[in-house]
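Chemist: Structure file query-v1.txt, compact mmCIF, C-alpha atoms, is pasted below:
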# COMPACT_ATOMS: atom_id res chain seq x y z
CA MET A 61 -63.97 70.07 -157.61
CA ARG A 62 -62.05 71.06 -154.47
CA ARG A 63 -63.19 67.93 -152.67
CA LEU A 64 -62.37 65.74 -155.66
CA LEU A 65 -58.82 67.15 -155.88
CA THR A 66 -58.14 66.25 -152.24
CA ASP A 67 -59.94 62.90 -152.11
CA PRO A 68 -57.49 60.01 -151.44
CA ARG A 69 -59.63 57.82 -153.71
CA VAL A 70 -58.44 59.91 -156.70
CA SER A 71 -54.99 59.16 -158.15
CA LYS A 72 -52.77 60.68 -160.85
CA ASP A 73 -50.75 57.50 -161.40
CA PRO A 74 -51.86 55.63 -164.55
CA ARG A 75 -49.46 52.75 -163.84
CA GLN A 76 -51.41 51.87 -160.73
CA HIS A 77 -54.94 53.03 -161.42
CA TRP A 78 -55.77 53.38 -165.13
CA PRO A 79 -56.62 50.04 -166.74
CA LEU A 80 -56.27 51.43 -170.29
CA TRP A 81 -52.65 52.30 -169.56
CA ILE A 82 -51.93 49.10 -167.66
CA ASP A 83 -53.35 47.01 -170.52
CA GLY A 84 -51.26 48.83 -173.14
CA ALA A 85 -54.19 50.48 -174.92
CA ILE A 86 -52.56 53.96 -174.77
CA SER A 87 -49.90 54.36 -177.47
CA PRO A 88 -47.22 57.05 -177.97
CA GLU A 89 -49.21 58.45 -180.91
CA TRP A 90 -51.97 59.69 -178.59
CA PRO A 91 -51.82 63.53 -178.33
CA LEU A 92 -51.95 63.39 -174.51
CA PHE A 93 -49.33 60.63 -174.22
CA THR A 94 -46.67 62.87 -172.66
CA TRP A 95 -49.13 64.05 -170.00
CA VAL A 96 -49.65 60.45 -168.86
CA ALA A 97 -46.30 58.79 -169.60
CA VAL A 98 -44.09 61.08 -167.51
CA ARG A 99 -42.76 59.86 -164.16
CA ASN A 100 -42.69 62.90 -161.91
CA MET A 101 -44.76 64.46 -159.16
CA PHE A 102 -47.45 65.35 -161.71
CA THR A 103 -48.31 61.66 -162.20
CA ALA A 104 -47.32 60.33 -158.79
CA TYR A 105 -49.58 59.05 -156.01
CA GLY A 106 -49.15 58.69 -152.27
CA GLY A 107 -45.61 58.21 -150.98
CA ASP A 108 -44.02 58.60 -154.41
CA HIS A 109 -45.67 61.98 -154.81
CA ARG A 110 -44.49 63.18 -151.41
CA ARG A 111 -40.92 62.07 -152.19
CA LEU A 112 -40.79 63.76 -155.58
CA ARG A 113 -42.49 66.98 -154.48
CA LEU A 114 -40.13 67.34 -151.53
CA LEU A 115 -37.12 67.07 -153.80
CA VAL A 116 -38.47 69.66 -156.23
CA SER A 117 -39.66 72.04 -153.52
CA LYS A 118 -36.14 72.17 -152.04
CA ALA A 119 -34.80 73.40 -155.37
CA PHE A 120 -37.81 75.65 -156.12
CA THR A 121 -37.88 77.71 -152.92
CA ALA A 122 -39.74 80.93 -152.15
CA ARG A 123 -36.40 82.60 -151.44
CA ARG A 124 -35.06 81.69 -154.89
CA THR A 125 -38.28 82.95 -156.47
CA ALA A 126 -38.20 86.28 -154.61
CA ALA A 127 -34.57 86.77 -155.60
CA LEU A 128 -35.67 86.79 -159.25
CA ARG A 129 -37.57 90.08 -158.90
CA PRO A 130 -34.75 92.40 -160.08
CA ARG A 131 -34.02 90.20 -163.06
CA ILE A 132 -37.71 90.00 -164.02
CA GLU A 133 -37.96 93.79 -163.78
CA GLN A 134 -34.90 94.16 -166.01
CA LEU A 135 -36.22 91.70 -168.60
CA THR A 136 -39.59 93.44 -168.59
CA GLY A 137 -37.96 96.82 -169.21
CA ASP A 138 -35.88 95.44 -172.05
CA LEU A 139 -38.93 93.89 -173.70
CA LEU A 140 -40.90 97.14 -173.38
CA ASP A 141 -38.03 98.99 -175.08
CA ARG A 142 -38.16 96.50 -177.95
CA LEU A 143 -41.94 96.86 -178.15
CA HIS A 144 -41.62 100.63 -178.36
CA ALA A 145 -39.19 100.31 -181.26
CA ALA A 146 -41.37 97.74 -183.04
CA GLY A 147 -44.57 99.79 -182.65
CA ARG A 148 -43.32 103.10 -183.96
CA GLY A 149 -45.55 104.49 -186.66
CA GLY A 150 -48.68 102.89 -185.28
CA GLU A 151 -48.03 99.46 -186.78
CA PRO A 152 -49.76 96.57 -184.95
CA VAL A 153 -47.57 94.44 -182.70
CA ASP A 154 -48.34 90.88 -181.61
CA LEU A 155 -48.13 91.33 -177.85
CA ARG A 156 -48.30 87.59 -177.13
CA GLU A 157 -45.30 86.98 -179.38
CA GLU A 158 -43.26 90.01 -178.37
CA PHE A 159 -44.06 90.31 -174.66
CA CYS A 160 -46.24 87.62 -173.10
CA TYR A 161 -44.05 84.80 -174.45
CA PRO A 162 -40.44 85.96 -174.14
CA LEU A 163 -40.63 87.09 -170.51
CA PRO A 164 -41.64 83.75 -168.91
CA ILE A 165 -39.51 81.65 -171.23
CA GLN A 166 -36.42 83.75 -170.48
CA VAL A 167 -37.08 83.55 -166.74
CA ILE A 168 -37.58 79.78 -166.71
CA SER A 169 -34.57 79.27 -169.00
CA GLU A 170 -32.32 81.20 -166.63
CA LEU A 171 -33.82 79.49 -163.59
CA PHE A 172 -32.99 76.05 -164.99
CA GLY A 173 -29.72 77.05 -166.62
CA LEU A 174 -30.91 76.39 -170.16
CA PRO A 175 -28.49 77.67 -172.82
CA GLU A 176 -29.86 80.60 -174.80
CA LYS A 177 -29.30 78.72 -178.07
CA ARG A 178 -31.94 76.20 -176.94
CA SER A 179 -34.72 78.74 -176.28
CA ALA A 180 -36.31 78.38 -179.71
CA ASP A 181 -36.23 74.58 -179.50
CA LEU A 182 -37.67 74.68 -176.01
CA ARG A 183 -40.56 76.89 -177.01
CA GLU A 184 -41.45 74.74 -180.00
CA LEU A 185 -41.33 71.54 -177.96
CA VAL A 186 -43.39 72.93 -175.09
CA ASP A 187 -45.97 74.23 -177.56
CA SER A 188 -46.21 70.70 -178.93
CA ILE A 189 -47.05 69.30 -175.48
CA PHE A 190 -50.06 71.59 -175.29
CA HIS A 191 -51.08 71.04 -178.94
CA THR A 192 -53.92 68.60 -178.37
CA SER A 193 -54.89 68.41 -182.06
CA ALA A 194 -51.48 67.14 -183.14
CA GLU A 195 -51.10 64.40 -185.71
CA PRO A 196 -49.56 61.10 -184.45
CA GLU A 197 -46.22 61.60 -186.21
CA GLU A 198 -45.90 65.07 -184.66
CA VAL A 199 -46.57 63.66 -181.18
CA THR A 200 -43.99 60.87 -181.41
CA GLY A 201 -41.37 63.04 -183.12
CA ASN A 202 -41.62 65.87 -180.62
CA TYR A 203 -41.62 63.44 -177.69
CA ALA A 204 -38.26 62.06 -178.84
CA ARG A 205 -36.82 65.54 -179.48
CA LEU A 206 -37.99 66.80 -176.11
CA TYR A 207 -36.16 64.08 -174.22
CA ALA A 208 -33.06 64.51 -176.36
CA VAL A 209 -32.93 68.18 -175.33
CA MET A 210 -33.48 67.31 -171.65
CA ALA A 211 -30.79 64.60 -171.74
CA GLU A 212 -28.34 67.07 -173.33
CA LEU A 213 -29.12 69.63 -170.61
CA VAL A 214 -28.54 67.08 -167.85
CA ALA A 215 -25.26 65.91 -169.37
CA ASP A 216 -24.04 69.50 -169.65
CA LYS A 217 -25.00 70.33 -166.06
CA ARG A 218 -23.36 67.20 -164.73
CA GLU A 219 -20.12 68.32 -166.30
CA PHE A 220 -20.55 72.02 -165.53
CA PRO A 221 -22.95 72.43 -162.57
CA GLY A 222 -24.20 75.91 -161.71
CA ASP A 223 -26.49 77.79 -159.36
CA ASP A 224 -29.64 76.66 -161.16
CA LEU A 225 -32.54 74.28 -160.60
CA THR A 226 -31.29 71.67 -163.05
CA SER A 227 -28.03 71.34 -161.10
CA GLY A 228 -30.05 71.12 -157.88
CA LEU A 229 -32.20 68.31 -159.22
CA ILE A 230 -29.13 66.46 -160.49
CA ALA A 231 -27.66 66.69 -157.01
CA ALA A 232 -30.85 65.13 -155.67
CA ARG A 233 -30.67 62.43 -158.34
CA ASP A 234 -27.08 61.59 -157.47
CA ASP A 235 -27.64 61.56 -153.69
CA GLU A 236 -27.42 58.20 -151.96
CA ASP A 237 -26.19 56.38 -155.07
CA GLY A 238 -29.18 57.60 -157.08
CA GLY A 239 -31.74 56.02 -154.77
CA ARG A 240 -33.78 59.16 -154.25
CA LEU A 241 -34.50 60.24 -157.82
CA SER A 242 -34.26 57.96 -160.82
CA GLU A 243 -32.79 59.19 -164.10
CA GLN A 244 -36.22 59.01 -165.75
CA GLU A 245 -37.79 60.93 -162.86
CA LEU A 246 -35.09 63.57 -163.26
CA LEU A 247 -35.80 64.03 -166.97
CA ASP A 248 -39.56 63.97 -166.46
CA THR A 249 -39.37 66.49 -163.63
CA LEU A 250 -37.45 68.85 -165.89
CA VAL A 251 -40.11 68.42 -168.60
CA LEU A 252 -42.83 69.28 -166.06
CA MET A 253 -41.15 72.28 -164.49
CA ILE A 254 -39.92 73.85 -167.72
CA SER A 255 -43.14 73.38 -169.69
CA ALA A 256 -45.59 74.30 -166.93
CA GLY A 257 -43.17 77.00 -165.81
CA HIS A 258 -43.72 79.23 -168.80
CA GLU A 259 -46.83 78.24 -170.78
CA THR A 260 -49.17 79.05 -167.90
CA THR A 261 -47.61 82.48 -167.29
CA VAL A 262 -47.78 83.32 -171.00
CA ASN A 263 -51.52 82.72 -170.87
CA LEU A 264 -51.95 84.60 -167.59
CA ILE A 265 -50.34 87.78 -168.98
CA ASP A 266 -52.10 87.37 -172.35
CA ASN A 267 -55.53 86.91 -170.75
CA ALA A 268 -55.05 89.78 -168.29
CA VAL A 269 -54.11 92.23 -171.05
CA HIS A 270 -57.00 91.05 -173.20
CA ALA A 271 -59.46 91.38 -170.31
CA LEU A 272 -58.37 94.92 -169.49
CA LEU A 273 -58.44 96.07 -173.12
CA THR A 274 -61.91 94.64 -173.66
CA HIS A 275 -63.18 95.93 -170.29
CA PRO A 276 -61.82 99.50 -170.11
CA GLU A 277 -63.97 100.24 -167.06
CA GLN A 278 -61.97 97.62 -165.17
CA LEU A 279 -58.69 99.23 -166.18
CA ALA A 280 -60.16 102.54 -164.99
CA HIS A 281 -60.75 100.98 -161.55
CA VAL A 282 -57.05 100.11 -161.33
CA ARG A 283 -55.85 103.52 -162.52
CA ALA A 284 -58.17 105.26 -160.04
CA GLY A 285 -56.93 103.12 -157.16
CA ARG A 286 -60.25 101.33 -156.66
CA ALA A 287 -58.51 98.02 -157.42
CA SER A 288 -54.92 96.81 -157.43
CA TRP A 289 -52.81 94.88 -159.91
CA ASP A 290 -53.08 91.95 -157.52
CA ASP A 291 -56.84 92.15 -158.07
CA VAL A 292 -56.26 92.04 -161.83
CA VAL A 293 -54.06 88.96 -161.57
CA GLU A 294 -56.39 87.03 -159.27
CA GLU A 295 -59.54 87.91 -161.23
CA THR A 296 -57.83 86.85 -164.45
CA LEU A 297 -56.85 83.54 -162.86
CA ARG A 298 -60.45 83.04 -161.77
CA ALA A 299 -62.26 84.12 -164.94
CA GLU A 300 -59.72 82.90 -167.53
CA ALA A 301 -57.69 80.09 -165.98
CA PRO A 302 -54.40 79.70 -167.92
CA VAL A 303 -54.97 75.93 -167.90
CA ALA A 304 -58.55 75.20 -168.87
CA ASN A 305 -58.53 71.42 -168.44
CA LEU A 306 -55.78 69.28 -166.95
CA PRO A 307 -55.34 65.57 -167.72
CA LEU A 308 -55.63 63.15 -166.01
CA ARG A 309 -56.78 61.67 -162.72
CA TYR A 310 -58.21 58.20 -162.06
CA ALA A 311 -60.76 56.79 -159.67
CA VAL A 312 -59.06 54.35 -157.29
CA GLU A 313 -62.52 53.00 -156.43
CA ASP A 314 -66.10 53.85 -157.37
CA LEU A 315 -66.79 57.52 -156.56
CA ASP A 316 -70.31 58.79 -155.91
CA LEU A 317 -70.13 62.49 -156.72
CA GLY A 318 -73.06 63.09 -154.42
CA GLU A 319 -70.68 62.45 -151.51
CA LEU A 320 -68.45 65.25 -152.79
CA GLY A 321 -71.22 67.81 -153.15
CA GLY A 322 -71.90 66.96 -156.79
CA PRO A 323 -74.99 65.50 -158.49
CA GLN A 324 -76.58 62.68 -156.56
CA GLY A 325 -76.39 59.27 -158.18
CA THR A 326 -73.56 60.16 -160.57
CA VAL A 327 -70.78 57.62 -160.15
CA ILE A 328 -67.28 57.68 -161.59
CA GLY A 329 -66.37 54.01 -161.88
CA LYS A 330 -63.15 52.54 -160.55
CA GLY A 331 -60.37 52.98 -163.10
CA GLU A 332 -62.15 55.69 -165.11
CA ALA A 333 -60.19 58.76 -166.15
CA ILE A 334 -61.10 62.19 -164.77
CA LEU A 335 -60.42 65.53 -166.45
CA ALA A 336 -60.14 68.48 -164.03
CA ALA A 337 -61.88 71.48 -165.64
CA TYR A 338 -60.32 74.48 -163.90
CA ALA A 339 -61.80 77.04 -166.28
CA ALA A 340 -65.30 75.75 -165.53
CA ALA A 341 -64.67 75.85 -161.79
CA GLY A 342 -63.68 79.50 -162.07
CA ARG A 343 -67.04 80.34 -163.68
CA SER A 344 -69.25 78.45 -161.21
CA PRO A 345 -72.48 80.41 -160.53
CA GLU A 346 -72.89 78.53 -157.26
CA GLN A 347 -69.57 79.92 -156.07
CA TYR A 348 -69.53 83.41 -157.61
CA GLY A 349 -73.17 84.23 -158.31
CA PRO A 350 -75.07 84.85 -161.56
CA ASP A 351 -72.33 87.17 -162.90
CA ALA A 352 -69.63 84.49 -162.54
CA GLY A 353 -68.71 84.84 -166.21
CA ARG A 354 -68.03 88.59 -165.92
CA PHE A 355 -64.52 89.95 -165.47
CA ASP A 356 -64.70 92.25 -162.42
CA VAL A 357 -61.54 93.32 -160.60
CA THR A 358 -63.63 94.69 -157.71
CA ARG A 359 -65.25 91.30 -157.08
CA LEU A 360 -64.87 90.39 -153.41
CA ASP A 361 -64.62 86.62 -153.91
CA LYS A 362 -61.74 85.89 -156.27
CA GLU A 363 -60.78 82.55 -154.73
CA HIS A 364 -59.96 80.11 -157.52
CA LEU A 365 -58.41 76.77 -158.40
CA ALA A 366 -56.31 77.99 -161.34
CA PHE A 367 -53.12 76.61 -159.76
CA GLY A 368 -54.79 73.41 -158.62
CA HIS A 369 -55.58 72.42 -155.07
CA GLY A 370 -54.33 70.08 -152.39
CA VAL A 371 -51.12 68.08 -152.66
CA HIS A 372 -50.82 68.83 -156.39
CA HIS A 373 -51.07 72.61 -155.99
CA CYS A 374 -48.60 74.21 -158.43
CA LEU A 375 -45.18 74.84 -156.90
CA GLY A 376 -44.55 77.55 -159.49
CA ALA A 377 -47.60 79.65 -158.54
CA PRO A 378 -45.54 82.30 -156.69
CA LEU A 379 -43.27 82.74 -159.72
CA GLY A 380 -46.19 83.05 -162.15
CA ARG A 381 -47.86 85.63 -159.94
CA LEU A 382 -44.61 87.56 -159.53
CA GLU A 383 -44.01 87.76 -163.27
CA ALA A 384 -47.56 88.96 -163.97
CA ARG A 385 -47.51 91.49 -161.12
CA ILE A 386 -44.33 93.01 -162.55
CA ALA A 387 -45.19 92.80 -166.25
CA LEU A 388 -48.74 94.17 -166.26
CA PRO A 389 -48.31 97.51 -164.48
CA ALA A 390 -45.06 98.14 -166.36
CA LEU A 391 -46.80 97.52 -169.71
CA PHE A 392 -49.75 99.82 -169.04
CA GLU A 393 -47.50 102.48 -167.50
CA ARG A 394 -45.25 102.52 -170.58
CA PHE A 395 -48.13 102.41 -173.07
CA PRO A 396 -51.15 104.15 -171.48
CA ASP A 397 -53.04 104.23 -174.81
CA LEU A 398 -52.57 100.52 -175.53
CA GLU A 399 -55.46 99.10 -177.56
CA LEU A 400 -56.41 96.01 -179.52
CA ALA A 401 -55.55 96.27 -183.22
CA VAL A 402 -58.40 93.94 -184.24
CA SER A 403 -61.95 93.31 -183.17
CA PRO A 404 -62.09 90.98 -180.13
CA ASP A 405 -64.13 88.43 -182.10
CA GLU A 406 -61.25 88.09 -184.57
CA LEU A 407 -58.94 86.64 -181.92
CA LEU A 408 -58.53 82.88 -182.05
CA PRO A 409 -57.91 80.59 -179.08
CA VAL A 410 -54.76 78.50 -178.97
CA ASP A 411 -55.15 75.07 -180.57
CA SER A 412 -55.51 73.23 -177.28
CA PHE A 413 -58.18 72.22 -174.81
CA ILE A 414 -55.54 72.32 -172.05
CA SER A 415 -53.96 75.72 -172.59
CA ASN A 416 -56.25 78.78 -172.44
CA GLY A 417 -54.96 81.80 -174.33
CA HIS A 418 -54.89 83.43 -177.76
CA ARG A 419 -52.89 82.43 -180.81
CA SER A 420 -51.92 86.07 -181.19
CA LEU A 421 -52.78 89.35 -179.48
CA PRO A 422 -52.36 92.20 -182.01
CA VAL A 423 -52.23 95.62 -180.34
CA ARG A 424 -51.42 99.20 -181.18
CA LEU A 425 -49.18 100.91 -178.70
CA SER A 426 -50.31 104.39 -179.89
CA GLY A 427 -48.20 107.48 -179.86
CA ARG A 428 -48.15 108.30 -176.16
CA THR A 429 -45.58 106.48 -174.04
CA ARG A 430 -43.96 107.06 -170.66
If you took the structure in this file and wrote it as structure tokens, what would it be?

Modeler:
Amino acid sequence: MRRLLTDPRVSKDPRQHWPLWIDGAISPEWPLFTWVAVRNMFTAYGGDHRRLRLLVSKAFTARRTAALRPRIEQLTGDLLDRLHAAGRGGEPVDLREEFCYPLPIQVISELFGLPEKRSADLRELVDSIFHTSAEPEEVTGNYARLYAVMAELVADKREFPGDDLTSGLIAARDDEDGGRLSEQELLDTLVLMISAGHETTVNLIDNAVHALLTHPEQLAHVRAGRASWDDVVEETLRAEAPVANLPLRYAVEDLDLGELGGPQGTVIGKGEAILAAYAAAGRSPEQYGPDAGRFDVTRLDKEHLAFGHGVHHCLGAPLGRLEARIALPALFERFPDLELAVSPDELLPVDSFISNGHRSLPVRLSGRTR
């Protein structure tokens, strides 16, 4: 997988390297259409990718991310206060809905200068991107609505620019008479950063909480100092990658997987689509041993590909880690008796083969808080 993700014979640009797209066989009704149709660094190849990533990385700096820490801590505290009020009397609370979701979406909304009135629309539209069982009319309708929201945001920020990433990207778009970033690339980059910028972190926090509540001995390791919250975050990323499968890549020429350390004689033909299965990579027995499927915060080898690898490694990884590293210890400190309100086998996965999380995470906060 690591070799495949860095092989120059593998592209993410359907316009150059996927015959089905080039021939017009992929229509807007296809549930994965948005994942392929966008023109941003996610679907770029070679020089175009380097150009687009450089523009985004200038706006999405480590310094800007680090500066968000106080605000993330404040938002986390506010959400925990609301949770405490909602869970009085021992009533179950949907932690995904009331904590895992609102923290990342508020952070990404503020980072990109999205008006608060658009938060509900944004969440619904991003959910639709990851809903891989959607009906055709849902796909086409949400695609149009998504770009209407992005166009409205761009128009507003052009008129009233601020200290946010949207304004920074618009400045890049308008540099040199617009020669550096096309209008479509601008809109598509916003779609990428805003959608990937919160859905993945929602799943990371959700999966970490679930793992600790269903493996109390692992939580005990953390509380006893035998493991850190960093260990929790990295082991969650390894064992339960927030993105299970990520579409799509394409073979620029015939690829013999035997040359990449895979099965001998297995060839991916030129122009064939490739689905990167990050969740499977994180459970590889060859990499992690026979207990690869076990959640273990004391595991020495937690190296993973949950944020991708190579030139397409996720620019937002530091932000996702920061949010989880703040949210998780604060949650378990405030509610030390936190427990699932249902049997683990009653929890349902989200309706997506891309996104890896739960549809809901009902918990009881219990009486003891700090």

Chemist: Kindly indicate which residue among A:Arg394, A:Arg233, A:Arg385, A:Arg298 lies nearest to A:His364, using only C-alpha atoms for the distances.

Modeler: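 Counting only C-alpha atoms, the residue closest to A:His364 is A:Arg298.
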
Chemist: Taking only C-alpha atoms into account, name the residue in A:Glu383, A:Glu259, A:Glu319, A:Glu313 that is nearest to A:Leu182.

Modeler: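 Among the listed residues, A:Glu259 lies closest to A:Leu182.
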
Chemist: Pick out the closest residue to A:Thr226 from this set: A:Gly137, A:Thr121, A:Val116, A:Gly147. Count only C-alpha atoms.

Modeler: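 Of all the options, A:Val116 lies closest to A:Thr226.
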
Chemist: With 7 Å as the threshold, what does the neighbourhood of (-39.9, 79.4, -175.4) contain in terms of residues, counting all atoms listed in the file? Coordinates are those of the file; answer as a PDB file with C-alpha atoms, in the frame of the given file.

Modeler:
ATOM      1  CA  TYR A 161     -44.050  84.800-174.450  1.00  0.00           C
ATOM      2  CA  PRO A 162     -40.440  85.960-174.140  1.00  0.00           C
ATOM      3  CA  ILE A 165     -39.510  81.650-171.230  1.00  0.00           C
ATOM      4  CA  SER A 179     -34.720  78.740-176.280  1.00  0.00           C
ATOM      5  CA  ALA A 180     -36.310  78.380-179.710  1.00  0.00           C
ATOM      6  CA  LEU A 182     -37.670  74.680-176.010  1.00  0.00           C
ATOM      7  CA  ARG A 183     -40.560  76.890-177.010  1.00  0.00           C
ATOM      8  CA  GLU A 184     -41.450  74.740-180.000  1.00  0.00           C
TER       9      GLU A 184
END

Chemist: So, with all atoms listed in the file as the atoms that count, which of A:Glu294, A:Glu363, A:Asp181, A:Glu332 lies closest to A:Gln347?

Modeler: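 Counting all atoms listed in the file, the residue closest to A:Gln347 is A:Glu363.
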
Chemist: Atom CA of A:Val312 and atom CA of A:Leu335 are how many Å apart?

Modeler: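 For atom CA of A:Val312 relative to atom CA of A:Leu335, the distance reads 14.5 Å.
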
Chemist: So what do you get for atom CA of A:Thr103 versus atom CA of A:Val167, distance-wise?

Modeler: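 Here the two named atoms are 25.0 Å from each other.
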
Chemist: So how far away is atom CA of A:Arg142 from atom CA of A:Glu158, in Å?

Modeler: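 Computing the Euclidean distance for atom CA of A:Glu158 and atom CA of A:Arg142 yields 8.3 Å.
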
Chemist: Got a sec to check which residues sit within 12 Å of (-59.4, 94.0, -169.2), counting only C-alpha atoms, and write them as JSON, numbers by chain?

Modeler: {"A": [265, 266, 267, 268, 269, 270, 271, 272, 273, 274, 275, 276, 277, 278, 279, 280, 281, 282, 289, 291, 292, 293, 295, 296, 299, 300, 354, 355, 356, 357, 388, 392, 398, 399, 400, 404]}

Chemist: Which residues come within 9 Å of stretch 406-418 of chain A, counting all atoms listed in the file, excluding same-chain residues fewer than 4 positions away, as JSON, numbers by chain?

Modeler: {"A": [156, 190, 191, 192, 193, 259, 260, 262, 263, 264, 266, 267, 300, 301, 302, 303, 304, 305, 306, 307, 339, 402, 422]}

Chemist: With all atoms listed in the file as the basis for distance, which of A:Arg178, A:His372, A:Arg63, A:His258 is at the shortest distance from A:Met101?

Modeler: A:His372

Chemist: Restricting the calculation to only C-alpha atoms: of A:Gly173, A:Pro196, A:Pro152, A:Gly380, which residue gets closest to A:Phe93?

Modeler: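 The shortest atom-to-atom distance to A:Phe93 comes from A:Pro196.
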
Chemist: Taking all atoms of stretch 243-246 of chain A that the file lists and extending 3 Å past them on each side, where is the centre of the axis-aligned box and how long are its edges? Answer in Å to one decimal, as AutoDock Vina command-line options.

Modeler:
--center_x -35.3 --center_y 61.3 --center_z -164.3 --size_x 11.0 --size_y 10.6 --size_z 8.9
